[in-house]
Amino acid sequence: MSSEVFEYALIRVMPRVERGEFINAGVIVYSKSHRFLKTRIDLDERRLLALAPGADTEAVRAALTAFEKACTEGPLSECPPGERFRWLTAPRSAMVQPGPVHSGVTSDPAADLDRLFARLVATG
């Protein structure tokens, strides 16, 4: 398999948008040439509650689930993967939001999703 360009962004939880503090809760990876668009999400509730005591963890989990499902289900599922990626990574002022989009080169976007998740999100 040849190496091709891919793009990714962190998925952040910002429980109090006005403070600008966040934790990384996932990553989204897109590769046009590999026809790949997936997220990997895991909320570390301990870190969330350390950042924002009293945060509504159920609401945060629901927002993360909605973000994850938007990759493959619902109204966006009819759109091409690149269009979905652009919509999901568009800046927004919400509790769950994407970080900046970065790019790289890959021959295996699924492996890069795992690598990025382990390096930038996983805490254990």
# chains A, B, ... in the order shown; residues from 1 in each chain; ligands from 1
$ residues_around --residues "A:Arg35" --least-positions-apart "6" --cutoff "12 Å" --atoms "only C-alpha atoms" --output "list in words"
Glu4, Val5, Phe6, Val29, Pro80, Pro81, Gly82, Phe85, Ser107, Asp108, Pro109 and Ala110 of chain A
$ select_by_dssp --residues "stretch 17-89 of chain A" --states "alpha helix (DSSP H)" --output "number ranges by chain"
A: 45-51, 57-69, 81-88
$ closest_residue --among "A:Asp44, A:Glu83, A:Glu73, A:Asp112" --to "A:Ile23" --atoms "only C-alpha atoms"
A:Asp44
$ closest_residue --among "A:Pro15, A:Pro98, A:Pro53, A:Pro75" --to "A:Ile28" --atoms "only C-alpha atoms"
A:Pro98
$ closest_residue --among "A:Ala25, A:Phe36, A:Ser31, A:Gly74" --to "A:His102" --atoms "only C-alpha atoms"
A:Ser31
$ select_by_dssp --residues "chain A" --states "strand (DSSP E or B)" --output "ChimeraX atom specification"
/A:4-13,23-31,36-41,96-98,102-106
$ closest_residue --among "A:Ile11, A:Arg46, A:Cys79, A:Arg19" --to "A:Ala63" --atoms "only C-alpha atoms"
A:Ile11
$ closest_residue --among "A:Pro91, A:Gly20, A:Gly99, A:Gly26" --to "A:Thr65" --atoms "only C-alpha atoms"
A:Gly26
